[in-house]
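A.B. asks: Provided below: data24.csv, containing CSV, C-alpha atoms.
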chain,number,residue,atom,x,y,z
A,1494,MET,CA,0.0,0.0,0.0
A,1495,LEU,CA,1.4,3.4,-1.0
A,1496,ASN,CA,1.1,6.1,1.7
A,1497,GLY,CA,2.8,9.5,1.7
A,1498,ILE,CA,3.5,12.5,-0.4
A,1499,LEU,CA,4.5,13.0,-4.0
A,1500,LEU,CA,5.9,16.3,-5.4
A,1501,VAL,CA,5.0,17.0,-9.0
A,1502,ASP,CA,6.3,19.8,-11.2
A,1503,LYS,CA,3.1,20.6,-13.2
A,1504,ALA,CA,3.5,21.5,-16.8
A,1505,PRO,CA,1.4,24.3,-18.5
A,1506,GLY,CA,-2.0,23.1,-19.9
A,1507,TRP,CA,-2.6,20.5,-17.3
A,1508,THR,CA,-5.3,21.0,-14.7
A,1509,SER,CA,-4.6,19.8,-11.1
A,1510,HIS,CA,-7.2,17.1,-11.7
A,1511,ASP,CA,-5.4,16.0,-14.9
A,1512,VAL,CA,-2.2,15.4,-12.8
A,1513,VAL,CA,-4.1,13.5,-10.1
A,1514,ALA,CA,-5.9,11.3,-12.7
A,1515,LYS,CA,-2.6,10.5,-14.5
A,1516,CYS,CA,-0.8,9.7,-11.2
A,1517,ARG,CA,-3.7,7.4,-10.2
A,1518,GLY,CA,-3.0,5.3,-13.3
A,1519,LEU,CA,0.8,5.4,-12.9
A,1520,LEU,CA,0.7,4.4,-9.2
A,1521,ARG,CA,-2.3,2.2,-9.5
A,1522,GLU,CA,-3.8,4.0,-6.5
A,1523,ARG,CA,-7.2,5.6,-6.4
A,1524,ARG,CA,-6.7,7.5,-3.2
A,1525,ILE,CA,-4.8,10.6,-4.4
A,1526,GLY,CA,-5.5,14.2,-3.6
A,1527,HIS,CA,-3.6,17.5,-3.8
A,1528,GLY,CA,-2.6,20.2,-1.4
A,1529,GLY,CA,-3.7,23.2,-3.4
A,1530,THR,CA,-5.0,23.7,-7.0
A,1531,LEU,CA,-2.9,25.2,-9.8
A,1532,ASP,CA,-4.7,26.8,-12.8
A,1533,PRO,CA,-4.0,25.2,-16.2
A,1534,MET,CA,-1.7,28.1,-17.3
A,1535,ALA,CA,0.4,27.8,-14.1
A,1536,THR,CA,3.4,25.6,-13.6
A,1537,GLY,CA,5.3,24.4,-10.6
A,1538,LEU,CA,4.9,22.5,-7.4
A,1539,LEU,CA,1.8,20.4,-6.9
A,1540,VAL,CA,1.8,18.5,-3.6
A,1541,LEU,CA,0.0,15.1,-3.9
A,1542,LEU,CA,-1.2,13.0,-1.0
A,1543,VAL,CA,-1.2,9.3,-1.7
A,1544,GLY,CA,-3.2,6.6,0.1
A,1545,PRO,CA,-4.2,7.1,3.7
A,1546,SER,CA,-2.3,10.3,3.7
A,1547,THR,CA,-5.1,12.0,1.8
A,1548,LYS,CA,-6.8,12.4,5.2
A,1549,LEU,CA,-4.1,14.8,6.2
A,1550,SER,CA,-4.8,17.4,3.5
A,1551,SER,CA,-6.3,19.9,6.0
A,1552,ARG,CA,-3.2,19.8,8.0
A,1553,LEU,CA,-0.7,20.7,5.3
A,1554,PRO,CA,1.0,24.1,5.9
A,1555,GLY,CA,-0.8,26.7,3.8
A,1556,GLU,CA,1.9,29.2,2.9
A,1557,LYS,CA,2.8,29.3,-0.8
A,1558,THR,CA,5.5,31.0,-2.8
A,1559,TYR,CA,5.0,32.0,-6.4
A,1560,VAL,CA,7.0,33.7,-9.2
A,1561,ALA,CA,4.7,35.6,-11.5
A,1562,SER,CA,5.1,37.7,-14.6
A,1563,LEU,CA,2.9,40.6,-15.5
A,1564,ARG,CA,2.4,43.0,-18.3
A,1565,PHE,CA,0.8,46.5,-18.2
A,1566,GLY,CA,-1.4,48.1,-20.8
A,1567,LEU,CA,-4.6,46.0,-20.8
A,1568,GLU,CA,-7.2,44.1,-18.8
A,1569,THR,CA,-8.8,40.8,-19.6
A,1570,ASP,CA,-11.9,39.1,-18.3
A,1571,THR,CA,-9.7,36.4,-16.6
A,1572,TYR,CA,-7.0,38.8,-15.3
A,1573,ASP,CA,-4.4,36.8,-17.3
A,1574,ALA,CA,-3.0,36.9,-20.8
A,1575,GLU,CA,-5.3,34.0,-21.9
A,1576,GLY,CA,-8.5,35.9,-21.4
A,1577,GLN,CA,-10.5,38.2,-23.7
A,1578,THR,CA,-9.3,41.8,-23.7
A,1579,VAL,CA,-11.8,44.1,-22.1
A,1580,ARG,CA,-9.8,47.3,-22.0
A,1581,ARG,CA,-6.5,48.7,-23.3
A,1582,TYR,CA,-4.5,51.6,-21.8
A,1583,ASP,CA,-1.8,53.9,-23.3
A,1584,ARG,CA,-0.1,54.4,-20.0
A,1585,ILE,CA,2.8,52.0,-19.1
A,1586,PRO,CA,4.2,52.5,-15.6
A,1587,ALA,CA,7.9,52.3,-15.0
A,1588,ALA,CA,9.5,49.7,-12.7
A,1589,ASP,CA,9.9,52.2,-10.0
A,1590,GLU,CA,6.2,52.9,-9.9
A,1591,LEU,CA,5.5,49.2,-9.6
A,1592,ARG,CA,8.0,48.7,-6.8
A,1593,ALA,CA,6.5,51.7,-4.9
A,1594,VAL,CA,3.0,50.2,-4.7
A,1595,LEU,CA,3.9,46.6,-3.7
A,1596,PRO,CA,4.1,47.4,0.0
A,1597,ARG,CA,0.4,48.3,-0.1
A,1598,TYR,CA,-0.3,44.8,-1.2
A,1599,THR,CA,1.6,43.2,1.6
A,1600,GLY,CA,0.1,42.2,5.0
A,1601,ASP,CA,-3.4,41.2,5.9
A,1602,LEU,CA,-5.8,42.0,3.0
A,1603,LEU,CA,-9.4,41.4,1.9
A,1604,GLN,CA,-9.5,39.9,-1.6
A,1605,THR,CA,-12.4,39.3,-3.9
A,1606,PRO,CA,-12.0,35.9,-5.7
A,1607,PRO,CA,-11.9,36.2,-9.5
A,1608,MET,CA,-14.8,34.7,-11.5
A,1609,VAL,CA,-12.4,32.2,-13.0
A,1610,SER,CA,-11.7,30.7,-9.6
A,1611,ALA,CA,-12.9,27.4,-8.1
A,1612,VAL,CA,-14.6,29.1,-5.2
A,1613,LYS,CA,-18.2,28.0,-4.8
A,1614,ILE,CA,-21.1,30.4,-4.6
A,1615,GLY,CA,-24.5,28.9,-4.1
A,1616,GLY,CA,-23.1,25.4,-4.7
A,1617,LYS,CA,-21.6,26.4,-8.1
A,1618,LYS,CA,-17.9,26.9,-8.9
A,1619,LEU,CA,-17.3,30.4,-10.1
A,1620,TYR,CA,-15.5,29.3,-13.2
A,1621,GLU,CA,-18.5,27.2,-14.2
A,1622,LEU,CA,-20.7,30.3,-14.0
A,1623,ALA,CA,-18.1,32.4,-15.9
A,1624,ARG,CA,-18.2,30.0,-18.8
A,1625,LYS,CA,-21.9,30.7,-19.1
A,1626,GLY,CA,-21.3,34.4,-19.1
A,1627,ILE,CA,-22.8,34.8,-15.6
A,1628,GLU,CA,-21.1,37.1,-13.0
A,1629,VAL,CA,-22.2,37.1,-9.4
A,1630,GLU,CA,-21.3,39.0,-6.3
A,1631,ARG,CA,-18.3,37.5,-4.4
A,1632,PRO,CA,-17.7,38.3,-0.8
A,1633,PRO,CA,-14.1,39.4,-0.1
A,1634,ARG,CA,-12.0,36.9,1.9
A,1635,PRO,CA,-9.1,37.5,4.2
A,1636,VAL,CA,-5.7,36.6,2.8
A,1637,THR,CA,-2.1,37.4,4.0
A,1638,VAL,CA,0.8,38.4,1.7
A,1639,GLU,CA,4.0,38.0,3.6
A,1640,GLU,CA,6.3,39.1,0.8
A,1641,PHE,CA,5.7,40.9,-2.5
A,1642,CYS,CA,8.9,41.9,-4.2
A,1643,TRP,CA,10.0,43.0,-7.7
A,1644,LEU,CA,12.7,40.8,-9.4
A,1645,GLU,CA,13.3,42.1,-12.9
A,1646,GLU,CA,11.9,43.7,-16.1
A,1647,ARG,CA,12.6,42.1,-19.4
A,1648,ASP,CA,11.0,43.0,-22.8
A,1649,GLY,CA,8.2,44.9,-21.1
A,1650,ALA,CA,7.2,42.1,-18.7
A,1651,HIS,CA,7.9,42.4,-14.9
A,1652,THR,CA,8.7,39.4,-12.7
A,1653,VAL,CA,7.6,39.4,-9.1
A,1654,ARG,CA,7.8,37.0,-6.2
A,1655,ILE,CA,4.9,36.5,-3.8
A,1656,ARG,CA,4.8,34.6,-0.5
A,1657,CYS,CA,1.3,34.3,0.7
A,1658,SER,CA,-1.4,32.4,2.5
A,1659,ALA,CA,-3.4,29.6,0.9
A,1660,GLY,CA,-6.3,30.9,-1.1
A,1661,THR,CA,-4.6,34.0,-2.3
A,1662,TYR,CA,-5.2,34.8,-6.0
A,1663,VAL,CA,-2.0,36.3,-7.6
A,1664,ARG,CA,-3.9,37.3,-10.7
A,1665,SER,CA,-6.2,39.4,-8.6
A,1666,LEU,CA,-3.3,41.2,-6.9
A,1667,ILE,CA,-1.9,42.0,-10.4
A,1668,HIS,CA,-5.3,43.2,-11.6
A,1669,ASP,CA,-5.7,45.5,-8.6
A,1670,ILE,CA,-2.2,46.9,-9.0
A,1671,GLY,CA,-2.9,47.7,-12.7
A,1672,ARG,CA,-6.1,49.5,-11.7
A,1673,GLU,CA,-4.3,51.5,-9.0
A,1674,LEU,CA,-1.6,52.6,-11.5
A,1675,GLY,CA,-4.1,53.5,-14.1
A,1676,SER,CA,-2.6,51.2,-16.7
A,1677,GLY,CA,-4.3,47.8,-16.4
A,1678,ALA,CA,-2.3,44.7,-15.9
A,1679,VAL,CA,-2.5,41.0,-16.7
A,1680,MET,CA,-0.7,38.0,-15.4
A,1681,THR,CA,1.4,36.4,-18.2
A,1682,ALA,CA,2.9,33.5,-16.2
A,1683,LEU,CA,2.7,31.9,-12.8
A,1684,ARG,CA,5.0,29.3,-11.2
A,1685,ARG,CA,4.6,27.9,-7.7
A,1686,THR,CA,8.0,27.4,-6.2
A,1687,ARG,CA,7.2,26.4,-2.7
A,1688,SER,CA,4.3,25.0,-0.6
A,1689,GLY,CA,4.9,24.9,3.1
A,1690,PRO,CA,8.2,23.1,3.6
A,1691,PHE,CA,8.1,21.6,0.1
A,1692,ARG,CA,10.2,23.0,-2.8
A,1693,VAL,CA,9.7,22.7,-6.6
A,1694,GLU,CA,13.4,21.7,-6.8
A,1695,ASP,CA,12.5,18.4,-5.2
A,1696,ALA,CA,9.5,17.8,-7.6
A,1697,VAL,CA,9.5,15.6,-10.7
A,1698,PRO,CA,7.5,16.0,-14.0
A,1699,VAL,CA,4.4,13.8,-14.1
A,1700,GLU,CA,5.9,11.4,-16.7
A,1701,ALA,CA,8.6,10.5,-14.2
A,1702,VAL,CA,6.2,9.6,-11.4
A,1703,SER,CA,6.7,6.1,-9.9
A,1704,PRO,CA,5.8,4.3,-6.7
A,1705,GLU,CA,9.5,4.7,-5.5
A,1706,LEU,CA,9.0,8.5,-5.4
A,1707,VAL,CA,6.2,8.4,-2.8
A,1708,ARG,CA,7.7,9.1,0.6
A,1709,GLU,CA,6.4,9.3,4.1
A,1710,TYR,CA,6.0,12.7,5.7
A,1711,ALA,CA,5.2,13.3,9.3
A,1712,LEU,CA,2.9,16.2,10.0
Rewrite the structure from the file as structure tokens, please.
C.D. replies:
Amino acid sequence: MLNGILLVDKAPGWTSHDVVAKCRGLLRERRIGHGGTLDPMATGLLVLLVGPSTKLSSRLPGEKTYVASLRFGLETDTYDAEGQTVRRYDRIPAADELRAVLPRYTGDLLQTPPMVSAVKIGGKKLYELARKGIEVERPPRPVTVEEFCWLEERDGAHTVRIRCSAGTYVRSLIHDIGRELGSGAVMTALRRTRSGPFRVEDAVPVEAVSPELVREYAL
């Protein structure tokens, strides 16, 4: 019987459920869950719980670290580069302007989940409603951003690092920053590099998954 954790480096285009389904086949184990969803466009660390360890999902440390890229000058309906453009801006802020506002998005915040999220309202996931063109009121939820720092600018795209609580939507932070700077902004890439004590450097691509890689972890 397999029992423990498996660290997968998710490729773009896969849903978290796709990774779980693939690993169920590779490991011949039905009891597999994950410790935090990644959107299809996102890459990086997906913590899988295998066998009896699935019961421990609520006890996993919640803090996550992401490296994200953003671009100014437009807004989309999904807050990322894969959505439909809803507005364009002529103004493009300088890196100094972006760095100056980041402290205001650090600490304890109230954040409204985006319509493309998996949050349930009235028993329906928001992204299911969004696909039907339905938008509903979403109550803001408390999140904590421990670190929000600028890393670099290259070819008009800015790279930032965010260390935050579980349930924080990076795309929403980027959208709100674009609104504040009067320029719009979309997320162009997202990579989870850490989840609690687990690091993406210790993860494997899904095609490399094997029973030998499942290891015990004491919470």
A.B. asks: Using all atoms listed in the file - which residues lie no farther than 12 Å from the point (4.1, 34.1, -8.3) in the file's frame? Write them as a PyMOL selection string.
C.D. replies: chain A and resi 1531+1535-1538+1557-1563+1638+1640-1644+1651-1657+1661-1667+1680-1688
A.B. asks: Name the residues in contact with Thr1547 of chain A at a cut-off of 10 Å, using only C-alpha atoms, excluding same-chain residues fewer than 4 positions from it; report them as an MDAnalysis selection string.
C.D. replies: chainID A and resid 1496:1498 1524:1528 1541:1543 1551
A.B. asks: Is it possible to get the residues within 12 Å of (9.6, 12.1, -16.8) (coordinates as in the file, counting only C-alpha atoms) written as an MDAnalysis selection string?
C.D. replies: chainID A and resid 1501:1504 1519 1696:1703 1706
A.B. asks: Given the choices A:Leu1674, A:Val1629, A:Ala1650, A:Val1540, which gets closest to Ala1593 of chain A if the distance is worked out from only C-alpha atoms?
C.D. replies: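 Of A:Leu1674, A:Val1629, A:Ala1650, A:Val1540, the one nearest Ala1593 of chain A, counting only C-alpha atoms, is A:Leu1674.
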A.B. asks: How far is it from atom CA of Gly1529 of chain A to atom CA of Tyr1598 of chain A, in Å with one decimal?
C.D. replies: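 Atom-to-atom, atom CA of Gly1529 of chain A to atom CA of Tyr1598 of chain A, that is 22.0 Å.
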A.B. asks: Have a look at atom CA of Met1534 of chain A and atom CA of Gly1616 of chain A and let me know their distance in Å, one decimal.
C.D. replies: 25.0 Å
A.B. asks: Find, counting only C-alpha atoms, the residue in A:Val1636, A:Leu1549, A:Met1494, A:Val1594 that gets nearest to Ser1658 of chain A.
C.D. replies: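 Checking each candidate against Ser1658 of chain A, we get A:Val1636 as the closest.
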A.B. asks: From the options A:Ile1614, A:Leu1539, A:Val1609, A:Leu1567, which residue's atoms come nearest to Arg1672 of chain A, counting only C-alpha atoms?
C.D. replies: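 Smallest separation from Arg1672 of chain A among the options: A:Leu1567.
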